[in-house]
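Containing CSV, C-alpha atoms: run-v4.csv.
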```csv
chain,number,residue,atom,x,y,z
A,28,MET,CA,0.0,0.0,0.0
A,29,ALA,CA,1.0,3.6,-0.4
A,30,GLY,CA,3.0,5.2,2.4
A,31,SER,CA,1.2,6.7,5.3
A,32,LYS,CA,1.4,10.2,3.8
A,33,ASP,CA,0.6,9.2,0.2
A,34,PRO,CA,-3.0,8.7,-1.1
A,35,ILE,CA,-4.0,5.2,-2.2
A,36,SER,CA,-3.4,4.9,-5.9
A,37,VAL,CA,-6.4,3.6,-7.9
A,38,VAL,CA,-6.0,3.2,-11.7
A,39,CYS,CA,-9.1,2.7,-13.8
A,40,PHE,CA,-8.0,0.8,-17.0
A,41,GLY,CA,-10.6,0.5,-19.7
A,42,ASP,CA,-12.2,1.6,-22.9
A,43,SER,CA,-14.7,4.4,-23.8
A,44,LEU,CA,-16.8,3.4,-20.8
A,45,THR,CA,-13.9,4.5,-18.7
A,46,TRP,CA,-12.8,7.4,-20.9
A,47,GLY,CA,-16.3,9.0,-20.6
A,48,PHE,CA,-17.8,8.8,-24.1
A,49,ASN,CA,-21.1,10.7,-24.4
A,50,PRO,CA,-23.5,8.8,-26.6
A,51,VAL,CA,-25.5,11.9,-27.4
A,52,ASP,CA,-22.9,14.0,-29.2
A,53,MET,CA,-19.8,11.7,-29.0
A,54,SER,CA,-17.9,14.2,-26.9
A,55,ARG,CA,-16.3,13.4,-23.5
A,56,TYR,CA,-18.3,13.9,-20.4
A,57,GLY,CA,-17.0,16.5,-18.0
A,58,HIS,CA,-15.4,16.0,-14.6
A,59,ASP,CA,-18.7,16.4,-12.9
A,60,ILE,CA,-20.2,13.5,-14.8
A,61,ARG,CA,-17.6,10.8,-15.5
A,62,TRP,CA,-17.9,7.9,-13.0
A,63,THR,CA,-14.1,7.9,-12.6
A,64,ARG,CA,-14.0,11.5,-11.5
A,65,LEU,CA,-17.1,10.9,-9.2
A,66,LEU,CA,-15.2,7.9,-7.8
A,67,GLN,CA,-12.4,10.3,-6.8
A,68,LYS,CA,-15.0,12.5,-5.1
A,69,ASP,CA,-16.6,9.6,-3.3
A,70,LEU,CA,-13.3,8.1,-2.1
A,71,GLY,CA,-11.9,11.5,-0.9
A,72,PRO,CA,-8.4,12.8,-0.5
A,73,ASP,CA,-7.0,9.6,1.0
A,74,PHE,CA,-7.2,8.2,-2.6
A,75,TYR,CA,-5.8,9.2,-5.9
A,76,VAL,CA,-7.8,8.0,-8.9
A,77,VAL,CA,-6.1,7.8,-12.3
A,78,GLU,CA,-8.2,7.6,-15.5
A,79,GLU,CA,-6.7,5.2,-18.2
A,80,GLY,CA,-9.5,4.8,-20.7
A,81,VAL,CA,-9.0,4.6,-24.5
A,82,ASN,CA,-11.8,4.6,-27.0
A,83,GLY,CA,-12.0,1.2,-28.8
A,84,ARG,CA,-9.6,-0.6,-26.5
A,85,THR,CA,-9.8,-4.4,-26.7
A,86,THR,CA,-8.7,-7.0,-24.2
A,87,VAL,CA,-5.8,-8.6,-26.3
A,88,PHE,CA,-6.8,-8.1,-29.9
A,89,GLU,CA,-5.0,-5.9,-32.5
A,90,ASP,CA,-7.7,-3.9,-34.3
A,91,PRO,CA,-7.1,-4.1,-38.1
A,92,VAL,CA,-9.3,-1.1,-38.7
A,93,LYS,CA,-8.5,1.4,-35.9
A,94,GLY,CA,-5.1,0.1,-34.8
A,95,ASP,CA,-3.3,0.4,-31.4
A,96,LYS,CA,-6.1,-0.9,-29.3
A,97,ASN,CA,-4.6,-3.9,-27.7
A,98,GLY,CA,-5.3,-3.6,-23.9
A,99,LEU,CA,-2.7,-6.3,-22.9
A,100,GLU,CA,0.0,-4.4,-24.7
A,101,HIS,CA,-1.1,-1.1,-23.1
A,102,LEU,CA,-1.2,-2.6,-19.6
A,103,PHE,CA,2.5,-3.3,-19.7
A,104,THR,CA,3.2,0.4,-20.0
A,105,VAL,CA,0.3,1.6,-17.8
A,106,ARG,CA,1.6,-0.5,-14.8
A,107,LYS,CA,5.0,1.1,-15.1
A,108,THR,CA,3.8,4.6,-15.8
A,109,HIS,CA,1.6,4.8,-12.6
A,110,MET,CA,3.6,2.5,-10.2
A,111,PRO,CA,3.2,2.0,-7.5
A,112,ILE,CA,-0.4,1.1,-8.1
A,113,ASP,CA,-2.4,0.0,-5.0
A,114,VAL,CA,-5.7,-0.8,-6.8
A,115,LEU,CA,-6.1,-1.6,-10.5
A,116,ILE,CA,-9.7,-1.6,-11.9
A,117,ILE,CA,-10.1,-3.3,-15.2
A,118,MET,CA,-13.3,-3.0,-17.4
A,119,LEU,CA,-12.8,-4.2,-20.9
A,120,GLY,CA,-14.6,-6.6,-23.4
A,121,THR,CA,-17.3,-4.5,-25.1
A,122,ASN,CA,-15.1,-3.8,-28.1
A,123,ASP,CA,-14.2,-7.5,-28.4
A,124,LEU,CA,-17.9,-8.1,-29.2
A,125,GLN,CA,-17.6,-6.3,-32.6
A,126,ASP,CA,-18.3,-8.5,-35.5
A,127,ARG,CA,-14.9,-8.2,-37.0
A,128,PHE,CA,-13.4,-10.0,-34.1
A,129,GLY,CA,-16.0,-12.8,-34.0
A,130,MET,CA,-15.5,-13.5,-30.3
A,131,ASN,CA,-18.0,-15.0,-27.9
A,132,ALA,CA,-18.2,-14.4,-24.2
A,133,GLU,CA,-16.2,-17.4,-23.2
A,134,THR,CA,-13.4,-16.5,-25.5
A,135,ILE,CA,-13.4,-12.9,-24.3
A,136,SER,CA,-13.2,-14.1,-20.7
A,137,ILE,CA,-10.1,-16.2,-21.6
A,138,ALA,CA,-8.6,-13.0,-23.1
A,139,ILE,CA,-9.4,-11.1,-19.9
A,140,GLY,CA,-7.6,-13.8,-18.0
A,141,ARG,CA,-4.4,-12.9,-19.7
A,142,LEU,CA,-4.8,-9.3,-18.4
A,143,LEU,CA,-5.5,-10.6,-14.9
A,144,PHE,CA,-2.4,-12.8,-15.0
A,145,LEU,CA,-0.3,-9.7,-16.0
A,146,ALA,CA,-2.0,-7.5,-13.4
A,147,THR,CA,-1.4,-9.9,-10.6
A,148,GLN,CA,2.3,-10.4,-11.2
A,149,PRO,CA,5.0,-8.1,-9.8
A,150,THR,CA,7.2,-6.3,-12.4
A,151,ASP,CA,11.0,-6.1,-12.3
A,152,ASP,CA,10.8,-2.5,-11.1
A,153,VAL,CA,11.6,-1.0,-7.7
A,154,GLU,CA,7.9,0.0,-7.3
A,155,GLY,CA,6.5,-2.8,-9.4
A,156,ARG,CA,4.6,-4.7,-6.7
A,157,ALA,CA,1.4,-6.3,-7.9
A,158,PRO,CA,-1.7,-4.3,-7.1
A,159,LYS,CA,-5.0,-5.4,-5.8
A,160,VAL,CA,-7.3,-5.9,-8.7
A,161,LEU,CA,-11.0,-5.3,-9.3
A,162,LEU,CA,-12.4,-6.8,-12.5
A,163,MET,CA,-15.6,-5.1,-13.8
A,164,SER,CA,-17.9,-6.6,-16.4
A,165,PRO,CA,-19.4,-4.0,-18.8
A,166,PRO,CA,-23.2,-3.9,-18.9
A,167,PRO,CA,-24.9,-5.9,-21.7
A,168,LEU,CA,-25.4,-4.1,-25.0
A,169,GLY,CA,-28.8,-2.6,-25.8
A,170,ASP,CA,-30.8,-2.8,-29.0
A,171,LEU,CA,-28.3,-1.7,-31.6
A,172,GLN,CA,-30.8,-1.3,-34.5
A,173,GLY,CA,-30.8,2.3,-35.7
A,174,THR,CA,-27.8,3.3,-33.6
A,175,PRO,CA,-24.5,4.5,-35.0
A,176,PHE,CA,-22.9,1.2,-34.1
A,177,GLU,CA,-25.4,-1.2,-35.7
A,178,LEU,CA,-22.9,-2.1,-38.5
A,179,GLN,CA,-20.1,-2.9,-36.1
A,180,PHE,CA,-22.1,-5.0,-33.6
A,181,SER,CA,-24.8,-7.6,-34.4
A,182,SER,CA,-27.6,-9.3,-32.5
A,183,ARG,CA,-25.1,-12.1,-31.7
A,184,SER,CA,-22.9,-9.4,-30.1
A,185,GLN,CA,-25.8,-8.4,-28.0
A,186,GLU,CA,-26.6,-11.9,-27.0
A,187,GLU,CA,-23.0,-12.7,-26.0
A,188,SER,CA,-22.8,-9.5,-24.0
A,189,THR,CA,-25.4,-10.8,-21.6
A,190,LYS,CA,-23.0,-13.7,-20.8
A,191,LEU,CA,-19.9,-11.6,-19.9
A,192,ALA,CA,-20.8,-11.1,-16.3
A,193,ASP,CA,-20.9,-14.8,-15.4
A,194,ALA,CA,-17.9,-15.6,-17.5
A,195,TYR,CA,-15.9,-12.7,-15.9
A,196,GLN,CA,-16.9,-13.7,-12.4
A,197,CYS,CA,-15.5,-17.2,-13.0
A,198,LYS,CA,-12.2,-15.7,-14.2
A,199,ALA,CA,-12.1,-13.4,-11.2
A,200,GLU,CA,-12.4,-16.4,-8.9
A,201,GLU,CA,-9.7,-18.2,-10.9
A,202,TYR,CA,-7.2,-15.4,-10.5
A,203,GLY,CA,-8.2,-14.5,-7.0
A,204,VAL,CA,-9.3,-10.9,-7.8
A,205,ALA,CA,-12.4,-9.0,-6.8
A,206,PHE,CA,-15.4,-8.8,-9.2
A,207,PHE,CA,-18.2,-6.3,-9.8
A,208,ASP,CA,-21.0,-6.6,-12.4
A,209,THR,CA,-21.7,-3.1,-13.6
A,210,GLY,CA,-25.0,-4.2,-15.1
A,211,THR,CA,-26.4,-4.3,-11.5
A,212,VAL,CA,-26.2,-0.5,-11.3
A,213,ILE,CA,-26.0,0.9,-14.8
A,214,SER,CA,-27.2,0.1,-18.3
A,215,ALA,CA,-26.2,1.0,-21.8
A,216,SER,CA,-27.8,4.1,-23.2
A,217,PRO,CA,-30.7,3.6,-25.6
A,218,VAL,CA,-29.1,6.3,-27.8
A,219,ASP,CA,-26.3,4.0,-28.9
A,220,ALA,CA,-26.8,0.8,-27.0
A,221,ILE,CA,-23.2,0.8,-25.6
A,222,HIS,CA,-22.2,3.8,-23.6
A,223,PHE,CA,-23.4,5.3,-20.3
A,224,GLU,CA,-26.0,8.0,-19.8
A,225,ALA,CA,-24.9,10.9,-17.6
A,226,GLU,CA,-27.2,10.5,-14.5
A,227,PRO,CA,-26.6,6.9,-13.5
A,228,GLN,CA,-22.8,7.3,-13.5
A,229,ALA,CA,-23.0,8.6,-9.9
A,230,ASP,CA,-24.6,5.3,-8.8
A,231,LEU,CA,-21.8,3.4,-10.5
A,232,ALA,CA,-19.2,5.6,-8.8
A,233,LYS,CA,-20.7,5.0,-5.4
A,234,ALA,CA,-20.8,1.2,-5.9
A,235,ILE,CA,-17.2,1.1,-7.0
A,236,ALA,CA,-16.1,3.2,-4.1
A,237,VAL,CA,-17.5,0.6,-1.8
A,238,GLU,CA,-15.6,-2.1,-3.6
A,239,VAL,CA,-12.4,-0.2,-3.6
A,240,ARG,CA,-12.7,0.4,0.2
A,241,LYS,CA,-13.2,-3.3,0.7
A,242,LEU,CA,-10.1,-4.1,-1.1
A,243,VAL,CA,-7.9,-1.8,0.9
A,244,GLY,CA,-9.7,-2.2,4.2
A,245,ARG,CA,-10.7,1.5,4.5
```
Turn the structure described in the file into structure tokens.
Amino acid sequence: MAGSKDPISVVCFGDSLTWGFNPVDMSRYGHDIRWTRLLQKDLGPDFYVVEEGVNGRTTVFEDPVKGDKNGLEHLFTVRKTHMPIDVLIIMLGTNDLQDRFGMNAETISIAIGRLLFLATQPTDDVEGRAPKVLLMSPPPLGDLQGTPFELQFSSRSQEESTKLADAYQCKAEEYGVAFFDTGTVISASPVDAIHFEAEPQADLAKAIAVEVRKLVGR
């Protein structure tokens, strides 16, 4: 853990759901709306929350269309950039559901397992100790018909998205990390069937604050 005078470092590693993508106008939500910033507010000054979200980030897959989206590759650098990390929150998998990857929930959970393995190993750096890890499953996709993403995701994508929470929970147990199903407190916006509405992000932040405090015993 951080020294007695240092805040507890919490890194939120994810995709556009972590970055703060606004489904209405495709901008970034402000600091008063993003769940990551509200998480900082809920946790208070004893914690330091770092946002590490990238739009389109996958678990382990190279994106042949958008490029540079491989979360596993990014995580190597992120762990070193922000070390020492006390709590690492991982929420990925939505982008893996795109038709061009052809993945199902079980395969995506295997991919997330590779990130969990990396996350739970110490690095060869002075401050490279392994953090405590919270794995978050993204909420299921909504009805994509008529949305800007209907050509990238199919009805099969939507069906597989409903299976991610159970698959991720099993992986969390396998790697001995904490788990939270975001679908219990927040849903995909009907505007684009993927991203978060503004209002319920406060509920997500409060729920995650509870989970983080459990991990560090605060």
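Of note, atom CA of A:Ala199 and atom CA of A:His101 are spaced 20.3 Å apart.
Minimum atom-to-atom distance to A:Ser181, evaluated using only C-alpha atoms, belongs to A:Leu124 out of A:Leu124, A:Val87, A:Val76, A:Ile235.
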Sorted by chain and rising residue number, list the residues of stretch 133-159 of chain A at most 12 Å from stretch 34-57 of chain A (counting only C-alpha atoms), each with its closest atom pair and distance in Å to one decimal, as a Markdown table.
```
| residue | atom | partner | partner_atom | distance |
| --- | --- | --- | --- | --- |
| A:Ile139 | CA | A:Gly41 | CA | 11.7 |
| A:Leu142 | CA | A:Phe40 | CA | 10.7 |
| A:Leu143 | CA | A:Phe40 | CA | 11.9 |
| A:Ala146 | CA | A:Phe40 | CA | 10.9 |
| A:Pro158 | CA | A:Val37 | CA | 9.2 |
| A:Lys159 | CA | A:Val37 | CA | 9.3 |
```
Which residue out of A:Glu100, A:Asp59, A:Leu119, A:Cys197 has the minimum interatomic distance to A:Gly80 when all atoms listed in the file are used?
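The closest residue to A:Gly80 is A:Leu119.
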For each of A:Phe88, A:Phe128, A:Tyr75, A:Phe206, take the minimum atom-to-atom distance to A:His109, counting only C-alpha atoms, then give the residue where this is smallest.
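For A:His109, the nearest of the candidates is A:Tyr75.
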Top pick for closest residue to A:Val204, considering A:Asp90, A:Asp219, A:Glu238, A:Glu186 and counting all atoms listed in the file
A:Glu238
Can you work out the spacing between atom CA of A:Ser136 and atom CA of A:Gly120 in Å, to one decimal?
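Atom CA of A:Gly120 lies at a distance of 8.1 Å from atom CA of A:Ser136.
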What does the structure give for the distance between atom CA of A:Thr63 and atom CA of A:Gly83, in Å to one decimal?
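Distance between the two atoms: 17.7 Å.
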Between A:Asn131, A:Ala225, A:Asp230, A:Thr174, smallest distance to A:Ser188 by only C-alpha atoms belongs to A:Asn131
Using all atoms listed in the file, which protein or nucleic acid residues come within 12 Å of A:Ser182? Drop anything in the same chain fewer than 5 positions from it, and give the result as a PDB file with C-alpha atoms, in the coordinates of the input.
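The result, stored in part_8.pdb:
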```pdb
ATOM      1  CA  LEU A 124     -17.900  -8.100 -29.200  1.00  0.00           C
ATOM      2  CA  GLN A 125     -17.600  -6.300 -32.600  1.00  0.00           C
ATOM      3  CA  ASP A 126     -18.300  -8.500 -35.500  1.00  0.00           C
ATOM      4  CA  PRO A 167     -24.900  -5.900 -21.700  1.00  0.00           C
ATOM      5  CA  LEU A 168     -25.400  -4.100 -25.000  1.00  0.00           C
ATOM      6  CA  GLY A 169     -28.800  -2.600 -25.800  1.00  0.00           C
ATOM      7  CA  ASP A 170     -30.800  -2.800 -29.000  1.00  0.00           C
ATOM      8  CA  LEU A 171     -28.300  -1.700 -31.600  1.00  0.00           C
ATOM      9  CA  GLN A 172     -30.800  -1.300 -34.500  1.00  0.00           C
ATOM     10  CA  PHE A 176     -22.900   1.200 -34.100  1.00  0.00           C
ATOM     11  CA  GLU A 177     -25.400  -1.200 -35.700  1.00  0.00           C
ATOM     12  CA  GLU A 187     -23.000 -12.700 -26.000  1.00  0.00           C
ATOM     13  CA  SER A 188     -22.800  -9.500 -24.000  1.00  0.00           C
ATOM     14  CA  THR A 189     -25.400 -10.800 -21.600  1.00  0.00           C
ATOM     15  CA  ALA A 220     -26.800   0.800 -27.000  1.00  0.00           C
TER      16      ALA A 220
END
```
With distances taken over all atoms listed in the file, which of A:Ala236, A:Ile117, A:Ala205, A:Ala138 is nearest to A:Glu79?
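Nearest to A:Glu79: A:Ile117.
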